[in-house]
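Below is structure-v3.txt, holding compact mmCIF, C-alpha atoms and all ligand atoms.
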# COMPACT_ATOMS: atom_id res chain seq x y z
CA MET A 178 9.73 -3.15 18.30
CA SER A 179 7.54 -4.00 15.34
CA ARG A 180 6.50 -1.15 13.16
CA LEU A 181 3.21 -2.86 12.44
CA MET A 182 1.60 -5.63 14.45
CA LEU A 183 -1.63 -7.53 13.93
CA SER A 184 -2.81 -9.72 16.73
CA HIS A 185 -5.65 -12.25 16.17
CA VAL A 186 -7.42 -9.93 13.73
CA GLY A 187 -10.81 -10.98 12.42
CA VAL A 188 -12.95 -9.18 9.83
CA SER A 189 -16.29 -10.43 8.56
CA PHE A 190 -18.90 -9.07 6.21
CA GLY A 191 -22.49 -9.92 7.11
CA GLY A 192 -21.37 -12.96 9.07
CA VAL A 193 -18.99 -14.21 6.36
CA ALA A 194 -15.40 -14.26 7.58
CA ALA A 195 -12.92 -12.50 5.27
CA LEU A 196 -10.05 -12.63 7.80
CA THR A 197 -9.74 -15.06 10.69
CA ASP A 198 -7.20 -14.94 13.53
CA VAL A 199 -4.55 -13.08 11.52
CA THR A 200 -1.40 -12.45 13.54
CA MET A 201 1.70 -10.91 11.99
CA GLN A 202 4.53 -8.57 12.84
CA VAL A 203 6.39 -6.36 10.40
CA PRO A 204 9.69 -4.85 11.61
CA PRO A 205 10.78 -1.38 10.42
CA ALA A 206 12.51 -1.01 7.04
CA GLU A 207 11.29 -4.38 5.78
CA ILE A 208 9.43 -5.26 2.60
CA ARG A 209 6.72 -7.72 3.57
CA GLY A 210 5.04 -9.50 0.68
CA ILE A 211 1.45 -10.68 1.05
CA ILE A 212 0.34 -13.35 -1.38
CA GLY A 213 -2.66 -15.61 -1.69
CA PRO A 214 -5.33 -16.66 -4.20
CA ASN A 215 -8.13 -14.32 -5.32
CA GLY A 216 -10.51 -13.64 -2.45
CA ALA A 217 -7.96 -14.76 0.17
CA GLY A 218 -8.44 -11.51 2.13
CA LYS A 219 -5.39 -9.51 1.05
CA THR A 220 -7.19 -6.25 0.29
CA THR A 221 -9.35 -6.71 3.38
CA LEU A 222 -6.11 -6.93 5.40
CA LEU A 223 -4.87 -3.63 3.94
CA ASN A 224 -8.27 -2.01 4.54
CA ALA A 225 -8.18 -3.11 8.18
CA ILE A 226 -4.67 -1.72 8.67
CA CYS A 227 -5.38 1.67 7.11
CA GLY A 228 -8.69 2.10 8.94
CA LEU A 229 -11.10 1.61 6.02
CA SER A 230 -12.66 -1.41 7.68
CA ARG A 231 -12.87 -2.11 11.36
CA PRO A 232 -11.88 -5.55 12.62
CA GLN A 233 -14.46 -7.24 14.84
CA GLN A 234 -11.69 -9.19 16.57
CA GLY A 235 -8.10 -8.54 17.57
CA GLU A 236 -5.80 -5.55 17.65
CA ILE A 237 -3.61 -3.64 15.22
CA THR A 238 -0.74 -1.47 16.46
CA LEU A 239 1.55 0.96 14.66
CA ASP A 240 4.80 1.68 16.55
CA GLY A 241 3.22 0.15 19.64
CA THR A 242 0.05 2.28 19.60
CA ARG A 243 -3.35 0.80 18.81
CA ILE A 244 -4.78 2.08 15.54
CA ASP A 245 -7.68 -0.30 14.88
CA ARG A 246 -10.28 2.12 16.22
CA LEU A 247 -8.91 5.21 14.46
CA ALA A 248 -10.19 6.92 11.32
CA PRO A 249 -8.16 6.53 8.09
CA ASP A 250 -7.00 10.18 8.05
CA VAL A 251 -5.78 9.93 11.65
CA ILE A 252 -3.83 6.76 10.80
CA ALA A 253 -2.42 8.51 7.71
CA ARG A 254 -1.17 11.38 9.87
CA ARG A 255 0.69 8.84 11.97
CA GLY A 256 2.78 8.01 8.93
CA LEU A 257 0.92 5.21 7.17
CA ARG A 258 -0.13 5.51 3.52
CA ARG A 259 -1.50 3.16 0.92
CA THR A 260 -2.21 2.74 -2.77
CA PHE A 261 -5.26 1.01 -4.21
CA GLN A 262 -5.74 -2.00 -6.47
CA THR A 263 -7.31 0.26 -9.11
CA SER A 264 -6.15 3.76 -10.04
CA ARG A 265 -7.33 6.61 -7.82
CA LEU A 266 -5.73 9.39 -9.86
CA PHE A 267 -7.94 12.23 -11.09
CA GLY A 268 -7.63 11.86 -14.88
CA GLY A 269 -8.44 15.47 -15.68
CA LEU A 270 -5.91 16.93 -13.23
CA THR A 271 -2.22 17.25 -13.95
CA VAL A 272 0.21 14.90 -12.30
CA LEU A 273 1.43 17.68 -10.01
CA GLU A 274 -2.14 18.57 -9.01
CA ASN A 275 -2.80 14.91 -8.23
CA MET A 276 0.30 14.83 -6.09
CA VAL A 277 -0.81 17.82 -4.02
CA THR A 278 -4.20 16.18 -3.36
CA GLY A 279 -2.23 13.28 -1.89
CA LEU A 280 -0.94 15.55 0.84
CA HIS A 281 -4.22 16.50 2.49
CA ALA A 282 -3.65 14.53 5.67
CA LYS A 283 -0.69 16.74 6.48
CA THR A 284 -1.83 20.22 5.49
CA ARG A 285 -3.19 22.41 8.24
CA ALA A 286 -4.61 25.39 6.39
CA SER A 287 -8.39 25.19 6.25
CA LEU A 288 -10.29 25.27 2.99
CA LEU A 289 -11.62 28.67 4.01
CA ALA A 290 -8.10 30.03 4.44
CA CYS A 291 -7.22 28.68 1.00
CA ALA A 292 -10.30 30.33 -0.47
CA LEU A 293 -9.38 33.64 1.12
CA GLY A 294 -5.83 33.28 -0.12
CA THR A 295 -4.23 34.01 3.24
CA ARG A 296 -0.48 34.21 3.44
CA ALA A 297 -0.26 31.08 5.59
CA ALA A 298 -2.34 29.17 3.06
CA ARG A 299 -0.17 30.39 0.19
CA GLU A 300 2.98 29.37 2.00
CA GLU A 301 1.53 26.00 2.76
CA GLU A 302 0.53 25.59 -0.88
CA ALA A 303 4.07 26.40 -1.99
CA GLU A 304 5.46 23.88 0.48
CA SER A 305 3.00 21.24 -0.80
CA VAL A 306 4.13 21.81 -4.38
CA ALA A 307 7.78 21.57 -3.34
CA ARG A 308 7.13 18.26 -1.55
CA ALA A 309 5.17 16.96 -4.53
CA ARG A 310 8.04 17.81 -6.87
CA LYS A 311 10.49 16.07 -4.57
CA ALA A 312 8.41 12.89 -4.56
CA LEU A 313 8.09 12.95 -8.35
CA GLU A 314 11.82 13.38 -8.64
CA PHE A 315 12.40 10.45 -6.29
CA VAL A 316 10.39 8.09 -8.53
CA GLY A 317 11.92 9.55 -11.71
CA ALA A 318 8.66 11.01 -13.03
CA THR A 319 9.47 14.74 -13.03
CA ALA A 320 8.95 14.96 -16.79
CA THR A 321 5.26 14.03 -16.38
CA GLN A 322 4.35 16.74 -13.86
CA ASP A 323 2.35 19.02 -16.18
CA ARG A 324 0.58 16.28 -18.11
CA ARG A 325 -2.96 15.23 -17.32
CA ALA A 326 -3.01 11.92 -15.45
CA LYS A 327 -5.25 10.29 -18.07
CA GLU A 328 -2.66 10.99 -20.77
CA LEU A 329 -0.01 8.88 -19.04
CA SER A 330 0.61 5.26 -19.90
CA PHE A 331 -0.81 2.73 -17.48
CA GLY A 332 2.66 1.97 -16.14
CA GLN A 333 3.44 5.66 -15.58
CA GLN A 334 0.16 6.07 -13.71
CA ARG A 335 1.09 3.28 -11.30
CA ILE A 336 4.45 4.86 -10.56
CA VAL A 337 2.82 8.28 -10.05
CA GLU A 338 0.38 6.70 -7.59
CA ILE A 339 3.28 5.50 -5.52
CA ALA A 340 4.85 8.96 -5.68
CA ARG A 341 1.55 10.42 -4.52
CA ALA A 342 1.59 8.20 -1.47
CA LEU A 343 5.14 9.37 -0.71
CA VAL A 344 4.41 13.12 -0.70
CA SER A 345 3.51 13.26 2.97
CA GLU A 346 6.71 11.35 3.81
CA PRO A 347 5.10 8.37 5.54
CA HIS A 348 7.23 5.72 7.28
CA THR A 349 4.95 2.88 6.22
CA LEU A 350 3.46 2.23 2.80
CA LEU A 351 0.86 -0.37 1.87
CA LEU A 352 0.70 -1.30 -1.82
CA ASP A 353 -2.21 -3.23 -3.32
CA GLU A 354 -1.00 -4.99 -6.48
CA PRO A 355 1.17 -2.20 -7.90
CA ALA A 356 2.58 -4.49 -10.61
CA VAL A 357 -0.67 -5.59 -12.20
CA GLY A 358 -0.55 -5.05 -15.96
CA LEU A 359 3.02 -3.69 -16.05
CA SER A 360 5.46 -4.39 -18.88
CA LEU A 361 8.72 -6.16 -18.03
CA ASN A 362 10.65 -2.87 -18.10
CA ARG A 363 8.17 -1.24 -15.75
CA LEU A 364 8.36 -4.28 -13.47
CA LEU A 365 12.12 -3.86 -13.18
CA GLU A 366 11.64 -0.14 -12.52
CA LEU A 367 9.11 -0.95 -9.80
CA ASP A 368 11.46 -3.52 -8.27
CA ARG A 369 14.24 -0.90 -8.04
CA LEU A 370 11.86 1.76 -6.71
CA LEU A 371 10.54 -0.45 -3.90
CA ARG A 372 14.09 -1.29 -2.81
CA ARG A 373 15.06 2.41 -2.86
CA ILE A 374 12.00 3.30 -0.77
CA ARG A 375 13.19 0.78 1.82
CA ASP A 376 16.93 1.43 1.63
CA GLU A 377 17.13 5.20 1.06
CA ARG A 378 14.09 6.21 3.10
CA GLY A 379 14.11 3.42 5.66
CA MET A 380 10.42 2.85 5.03
CA THR A 381 8.39 -0.24 5.86
CA LEU A 382 6.44 -1.70 2.94
CA VAL A 383 3.57 -4.14 2.83
CA LEU A 384 3.22 -5.38 -0.72
CA ILE A 385 0.24 -7.35 -1.98
CA GLU A 386 1.18 -8.88 -5.27
CA HIS A 387 0.09 -11.53 -7.75
CA VAL A 388 3.23 -11.11 -9.83
CA ILE A 389 5.09 -13.83 -7.96
CA ARG A 390 8.43 -13.10 -9.55
CA LEU A 391 8.42 -9.53 -8.24
CA VAL A 392 7.25 -10.40 -4.76
CA MET A 393 9.77 -13.24 -4.42
CA GLU A 394 12.61 -10.98 -5.64
CA VAL A 395 11.90 -7.91 -3.58
CA SER A 396 10.39 -9.12 -0.29
CA ASP A 397 12.41 -9.66 2.88
CA SER A 398 9.67 -11.97 4.08
CA ILE A 399 6.30 -13.16 2.87
CA THR A 400 2.98 -13.87 4.55
CA VAL A 401 0.64 -16.24 2.71
CA LEU A 402 -3.12 -15.95 3.13
CA SER A 403 -5.66 -18.54 2.10
CA PHE A 404 -9.36 -18.29 2.89
CA GLY A 405 -8.64 -15.41 5.27
CA ARG A 406 -6.05 -17.26 7.34
CA VAL A 407 -2.27 -17.08 7.49
CA ILE A 408 -1.09 -20.45 6.19
CA ALA A 409 2.64 -19.69 5.98
CA GLU A 410 5.20 -17.01 6.71
CA GLY A 411 8.93 -16.75 6.16
CA THR A 412 11.65 -15.91 3.68
CA PRO A 413 10.71 -16.07 -0.01
CA GLN A 414 12.74 -19.27 -0.30
CA ALA A 415 11.01 -20.94 2.66
CA VAL A 416 7.56 -19.92 1.46
CA ARG A 417 8.23 -21.00 -2.11
CA THR A 418 8.91 -24.55 -1.01
CA ASP A 419 6.28 -24.81 1.76
CA PRO A 420 4.02 -27.72 0.77
CA GLN A 421 0.88 -25.96 2.04
CA VAL A 422 1.65 -22.91 -0.07
CA VAL A 423 2.37 -24.97 -3.15
CA GLU A 424 -0.93 -26.72 -2.56
CA ALA A 425 -3.00 -23.59 -1.86
CA TYR A 426 -1.50 -21.09 -4.19
CA LEU A 427 1.57 -21.84 -6.23
CA GLY A 428 0.35 -25.27 -7.34
CA SER A 429 -1.62 -24.07 -10.33
CA ALA A 430 1.11 -21.58 -11.30
CA ALA A 431 3.79 -24.29 -10.98
CA HIS A 432 1.74 -26.58 -13.23
CA ALA A 433 1.41 -23.81 -15.76
N1 LIG B 501 -17.11 -4.89 1.44
C1 LIG B 501 -17.28 -6.22 1.35
N2 LIG B 501 -18.51 -6.76 1.54
C2 LIG B 501 -18.71 -8.10 1.48
N3 LIG B 501 -17.73 -9.00 1.23
C3 LIG B 501 -16.51 -8.53 1.03
C4 LIG B 501 -16.20 -7.12 1.07
N4 LIG B 501 -14.88 -6.95 0.84
C5 LIG B 501 -14.38 -8.18 0.65
N5 LIG B 501 -15.34 -9.12 0.77
C6 LIG B 501 -15.15 -10.58 0.65
O1 LIG B 501 -14.04 -10.92 1.47
C7 LIG B 501 -13.23 -11.89 0.84
C8 LIG B 501 -11.82 -11.36 0.69
O2 LIG B 501 -11.79 -10.32 -0.28
P1 LIG B 501 -10.49 -9.49 -0.62
O3 LIG B 501 -10.91 -8.44 -1.59
O4 LIG B 501 -9.85 -9.04 0.62
O5 LIG B 501 -9.58 -10.58 -1.34
P2 LIG B 501 -8.19 -10.39 -2.10
O6 LIG B 501 -7.27 -11.40 -1.52
O7 LIG B 501 -7.78 -8.98 -2.08
O8 LIG B 501 -8.58 -10.86 -3.58
P3 LIG B 501 -7.98 -10.36 -5.00
O9 LIG B 501 -6.69 -11.10 -5.18
O10 LIG B 501 -9.02 -10.81 -5.96
O11 LIG B 501 -7.82 -8.88 -4.95
C9 LIG B 501 -13.89 -12.21 -0.49
O12 LIG B 501 -14.68 -13.37 -0.33
C10 LIG B 501 -14.75 -11.01 -0.75
O13 LIG B 501 -15.86 -11.34 -1.54
MG MG B 502 -7.46 -7.58 -3.54
Could you render the structure as structure tokens?
Amino acid sequence: MSRLMLSHVGVSFGGVAALTDVTMQVPPAEIRGIIGPNGAGKTTLLNAICGLSRPQQGEITLDGTRIDRLAPDVIARRGLRRTFQTSRLFGGLTVLENMVTGLHAKTRASLLACALGTRAAREEEAESVARARKALEFVGATATQDRRAKELSFGQQRIVEIARALVSEPHTLLLDEPAVGLSLNRLLELDRLLRRIRDERGMTLVLIEHVIRLVMEVSDSITVLSFGRVIAEGTPQAVRTDPQVVEAYLGSAAHA
């Protein structure tokens, strides 16, 4: 069964179509790259999957259950997490504090219980911190845990954002351009990290990326969007040589 399935999904804003008839299936433990020119609908696709925007047409299922009418926090509790195109870290908080805020969908203790400092809330807090530390260790960022997020380099922040999405131990992770602005060393680090998330955790990844080299290297398969429609899908090699893709997207890069 597919982990994630989109069937004839359509999203429009004020009558303008951002996604039209998008159908795709992502099997478990696969890295699926999503590429396409600016404005092709990539972020809209992620927003539709994670519940931030509601498709007017079609269906989205996660492990066979429809999720396209559920709220984002409900979808998150079913094991799906995402990162954003721009940083969502709280600059004034430490890395560890940021990590714990990433766990909210899974904590049960109410804010009131936290405020009263009940034993259950304290235990839950300790468990949250332990999980946060584990995620930081997984991405190799333990040394940053007590630093304020705004003091980290841009590349470190991007890695910490991924760690933050891992704290609740999701099975599916959506990444919106995690490589933008990274140095070559950080790109290689990200490449290794994404593979480890798939291979060691068995997670499913949907990776939007403009850094073609990364997405071609790391993806098991790639879906290409152009003007809100899927124009190609297949292995990186097949997509790279697809005439429609070269025309719509890679053409200008190839010329350059
Ligand atoms: N909230 C919104 N309201 C109105 N139009 C929107 C909204 N979100 C996206 N759009 C439009 O939908 C289209 C797709 O946008 P989207 O952000 O999904 O593209 P993208 O592929 O992520 O682009 P980029 O590579 O620049 O991030 C664009 O024409 C955009 O202007
Ligand atoms: Mg986008």
> Counting only C-alpha atoms and all ligand atoms, which protein, DNA or RNA residues come within 12 Å of ligand MG 502 (chain B), given as a ChimeraX atom specification?
Replying inline: /A:195,211-224,260-263,352-355,357,384-387,402,405
Distance query segment 302-309 of chain A at most 9 Å, only C-alpha atoms, self and fewer than 2 positions along chain excluded, as an mmCIF file with C-alpha atoms, keeping the file's coordinate frame:
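File result22.cif, as written:
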data_model
loop_
_atom_site.group_PDB
_atom_site.id
_atom_site.type_symbol
_atom_site.label_atom_id
_atom_site.label_comp_id
_atom_site.auth_asym_id
_atom_site.auth_seq_id
_atom_site.Cartn_x
_atom_site.Cartn_y
_atom_site.Cartn_z
ATOM 1 C CA LEU A 273 1.430 17.680 -10.010
ATOM 2 C CA GLU A 274 -2.140 18.570 -9.010
ATOM 3 C CA MET A 276 0.300 14.830 -6.090
ATOM 4 C CA VAL A 277 -0.810 17.820 -4.020
ATOM 5 C CA GLY A 279 -2.230 13.280 -1.890
ATOM 6 C CA LEU A 280 -0.940 15.550 0.840
ATOM 7 C CA THR A 284 -1.830 20.220 5.490
ATOM 8 C CA ALA A 286 -4.610 25.390 6.390
ATOM 9 C CA CYS A 291 -7.220 28.680 1.000
ATOM 10 C CA ALA A 297 -0.260 31.080 5.590
ATOM 11 C CA ALA A 298 -2.340 29.170 3.060
ATOM 12 C CA ARG A 299 -0.170 30.390 0.190
ATOM 13 C CA GLU A 300 2.980 29.370 2.000
ATOM 14 C CA LYS A 311 10.490 16.070 -4.570
ATOM 15 C CA ALA A 312 8.410 12.890 -4.560
ATOM 16 C CA LEU A 313 8.090 12.950 -8.350
ATOM 17 C CA GLU A 314 11.820 13.380 -8.640
ATOM 18 C CA ALA A 340 4.850 8.960 -5.680
ATOM 19 C CA ARG A 341 1.550 10.420 -4.520
ATOM 20 C CA LEU A 343 5.140 9.370 -0.710
ATOM 21 C CA VAL A 344 4.410 13.120 -0.700
ATOM 22 C CA SER A 345 3.510 13.260 2.970
ATOM 23 C CA GLU A 346 6.710 11.350 3.810
#
Centre and size of axis-aligned box enclosing segment 268-279 of chain A plus 3 Å each side, as JSON:
{"center_x": -3.5, "center_y": 15.2, "center_z": -8.8, "size_x": 15.9, "size_y": 12.7, "size_z": 19.8}
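Between atom CA of Ala318 of chain A and atom O8 of ligand LIG 501 (chain B) there is a distance of 29.4 Å.
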> Given the choices A:Glu424, A:Leu257, A:Leu364, A:Val401, which gets closest to ligand LIG 501 (chain B) if the distance is worked out from all atoms listed in the file?
Replying inline: A:Val401
>> Neighbouring residues of segment 390-394 of chain A were defined as those with any atom within 7 Å, considering all atoms listed in the file; residues of the same chain fewer than 3 positions away were excluded. Please report them as an MDAnalysis selection string.
In response: chainID A and resid 210 368 386 413
> Of the candidates A:Pro420, A:Phe404, A:Val186, A:Pro232, which one gets nearest to ligand LIG 501 (chain B) if we count all atoms listed in the file?
Replying inline: A:Phe404
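Atom pair atom CA of Ala225 of chain A / atom CA of Gly411 of chain A has a distance of 22.0 Å (rounded to one decimal).
Interatomic distance, atom CA of Asp250 of chain A to atom CA of Leu229 of chain A: 9.7 Å.
Shortest separation to ligand LIG 501 (chain B) among A:Thr412, A:Leu181, A:Pro249, A:Val407 occurs at residue A:Val407, atoms counted being all atoms listed in the file.
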> Neighbours of Val272 of chain A within 8 Å (all atoms listed in the file; same-chain residues fewer than 5 positions away dropped), as a PyMOL selection string?
Replying inline: chain A and resi 321-326+337
Pull C-alpha atoms from the residues just selected and write them as a compact mmCIF listing (two decimals), keeping the file's coordinate frame.
# COMPACT_ATOMS: atom_id res chain seq x y z
CA THR A 321 5.26 14.03 -16.38
CA GLN A 322 4.35 16.74 -13.86
CA ASP A 323 2.35 19.02 -16.18
CA ARG A 324 0.58 16.28 -18.11
CA ARG A 325 -2.96 15.23 -17.32
CA ALA A 326 -3.01 11.92 -15.45
CA VAL A 337 2.82 8.28 -10.05
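Residue nearest ligand LIG 501 (chain B) within the list A:Leu361, A:Val388, A:Met201, A:Ile252: A:Val388 [criterion: smallest interatomic distance, all atoms listed in the file].
Shortest separation to Leu351 of chain A among A:Ala409, A:Cys227, A:Ile244, A:Val251 occurs at residue A:Cys227, atoms counted being all atoms listed in the file.
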As an mmCIF file, keeping the file's coordinate frame, the rebuilt segment 222-252 of chain A with N, CA and C atoms:
data_model
loop_
_atom_site.group_PDB
_atom_site.id
_atom_site.type_symbol
_atom_site.label_atom_id
_atom_site.label_comp_id
_atom_site.auth_asym_id
_atom_site.auth_seq_id
_atom_site.Cartn_x
_atom_site.Cartn_y
_atom_site.Cartn_z
ATOM 1 N N LEU A 222 -7.189 -7.128 4.418
ATOM 2 C CA LEU A 222 -6.110 -6.930 5.400
ATOM 3 C C LEU A 222 -5.596 -5.485 5.332
ATOM 4 N N LEU A 223 -5.349 -5.001 4.103
ATOM 5 C CA LEU A 223 -4.870 -3.630 3.940
ATOM 6 C C LEU A 223 -5.922 -2.626 4.433
ATOM 7 N N ASN A 224 -7.193 -2.902 4.098
ATOM 8 C CA ASN A 224 -8.270 -2.010 4.540
ATOM 9 C C ASN A 224 -8.346 -1.949 6.062
ATOM 10 N N ALA A 225 -8.132 -3.085 6.708
ATOM 11 C CA ALA A 225 -8.180 -3.110 8.180
ATOM 12 C C ALA A 225 -7.021 -2.298 8.753
ATOM 13 N N ILE A 226 -5.841 -2.426 8.145
ATOM 14 C CA ILE A 226 -4.670 -1.720 8.670
ATOM 15 C C ILE A 226 -4.825 -0.203 8.517
ATOM 16 N N CYS A 227 -5.337 0.223 7.349
ATOM 17 C CA CYS A 227 -5.380 1.670 7.110
ATOM 18 C C CYS A 227 -6.662 2.313 7.635
ATOM 19 N N GLY A 228 -7.524 1.532 8.260
ATOM 20 C CA GLY A 228 -8.690 2.100 8.940
ATOM 21 C C GLY A 228 -9.952 2.154 8.090
ATOM 22 N N LEU A 229 -9.904 1.584 6.872
ATOM 23 C CA LEU A 229 -11.100 1.610 6.020
ATOM 24 C C LEU A 229 -12.129 0.575 6.443
ATOM 25 N N SER A 230 -11.671 -0.508 7.082
ATOM 26 C CA SER A 230 -12.660 -1.410 7.680
ATOM 27 C C SER A 230 -12.205 -1.747 9.087
ATOM 28 N N ARG A 231 -13.173 -1.951 9.930
ATOM 29 C CA ARG A 231 -12.870 -2.110 11.360
ATOM 30 C C ARG A 231 -12.946 -3.582 11.742
ATOM 31 N N PRO A 232 -11.840 -4.136 12.230
ATOM 32 C CA PRO A 232 -11.880 -5.550 12.620
ATOM 33 C C PRO A 232 -12.846 -5.778 13.779
ATOM 34 N N GLN A 233 -13.584 -6.888 13.715
ATOM 35 C CA GLN A 233 -14.460 -7.240 14.840
ATOM 36 C C GLN A 233 -13.672 -7.925 15.946
ATOM 37 N N GLN A 234 -12.548 -8.551 15.569
ATOM 38 C CA GLN A 234 -11.690 -9.190 16.570
ATOM 39 C C GLN A 234 -10.255 -8.704 16.451
ATOM 40 N N GLY A 235 -9.542 -8.755 17.576
ATOM 41 C CA GLY A 235 -8.100 -8.540 17.570
ATOM 42 C C GLY A 235 -7.689 -7.083 17.652
ATOM 43 N N GLU A 236 -6.389 -6.879 17.522
ATOM 44 C CA GLU A 236 -5.800 -5.550 17.650
ATOM 45 C C GLU A 236 -4.789 -5.300 16.554
ATOM 46 N N ILE A 237 -4.667 -4.029 16.160
ATOM 47 C CA ILE A 237 -3.610 -3.640 15.220
ATOM 48 C C ILE A 237 -2.848 -2.482 15.864
ATOM 49 N N THR A 238 -1.526 -2.584 15.911
ATOM 50 C CA THR A 238 -0.740 -1.470 16.460
ATOM 51 C C THR A 238 0.289 -0.996 15.448
ATOM 52 N N LEU A 239 0.527 0.322 15.493
ATOM 53 C CA LEU A 239 1.550 0.960 14.660
ATOM 54 C C LEU A 239 2.532 1.602 15.646
ATOM 55 N N ASP A 240 3.791 1.205 15.589
ATOM 56 C CA ASP A 240 4.800 1.680 16.550
ATOM 57 C C ASP A 240 4.314 1.548 17.992
ATOM 58 N N GLY A 241 3.628 0.445 18.271
ATOM 59 C CA GLY A 241 3.220 0.150 19.640
ATOM 60 C C GLY A 241 1.918 0.788 20.089
ATOM 61 N N THR A 242 1.313 1.624 19.220
ATOM 62 C CA THR A 242 0.050 2.280 19.600
ATOM 63 C C THR A 242 -1.102 1.681 18.812
ATOM 64 N N ARG A 243 -2.194 1.390 19.499
ATOM 65 C CA ARG A 243 -3.350 0.800 18.810
ATOM 66 C C ARG A 243 -3.930 1.753 17.782
ATOM 67 N N ILE A 244 -4.198 1.237 16.595
ATOM 68 C CA ILE A 244 -4.780 2.080 15.540
ATOM 69 C C ILE A 244 -6.100 1.520 15.019
ATOM 70 N N ASP A 245 -6.531 0.349 15.521
ATOM 71 C CA ASP A 245 -7.680 -0.300 14.880
ATOM 72 C C ASP A 245 -9.025 0.330 15.211
ATOM 73 N N ARG A 246 -9.019 1.406 15.997
ATOM 74 C CA ARG A 246 -10.280 2.120 16.220
ATOM 75 C C ARG A 246 -10.191 3.556 15.681
ATOM 76 N N LEU A 247 -9.115 3.846 14.949
ATOM 77 C CA LEU A 247 -8.910 5.210 14.460
ATOM 78 C C LEU A 247 -9.406 5.374 13.027
ATOM 79 N N ALA A 248 -9.736 6.619 12.678
ATOM 80 C CA ALA A 248 -10.190 6.920 11.320
ATOM 81 C C ALA A 248 -8.990 6.915 10.369
ATOM 82 N N PRO A 249 -9.261 6.613 9.064
ATOM 83 C CA PRO A 249 -8.160 6.530 8.090
ATOM 84 C C PRO A 249 -7.266 7.767 8.047
ATOM 85 N N ASP A 250 -7.847 8.982 8.155
ATOM 86 C CA ASP A 250 -7.000 10.180 8.050
ATOM 87 C C ASP A 250 -6.110 10.335 9.283
ATOM 88 N N VAL A 251 -6.600 9.867 10.422
ATOM 89 C CA VAL A 251 -5.780 9.930 11.650
ATOM 90 C C VAL A 251 -4.605 8.949 11.523
ATOM 91 N N ILE A 252 -4.889 7.767 10.991
ATOM 92 C CA ILE A 252 -3.830 6.760 10.800
ATOM 93 C C ILE A 252 -2.816 7.281 9.771
#
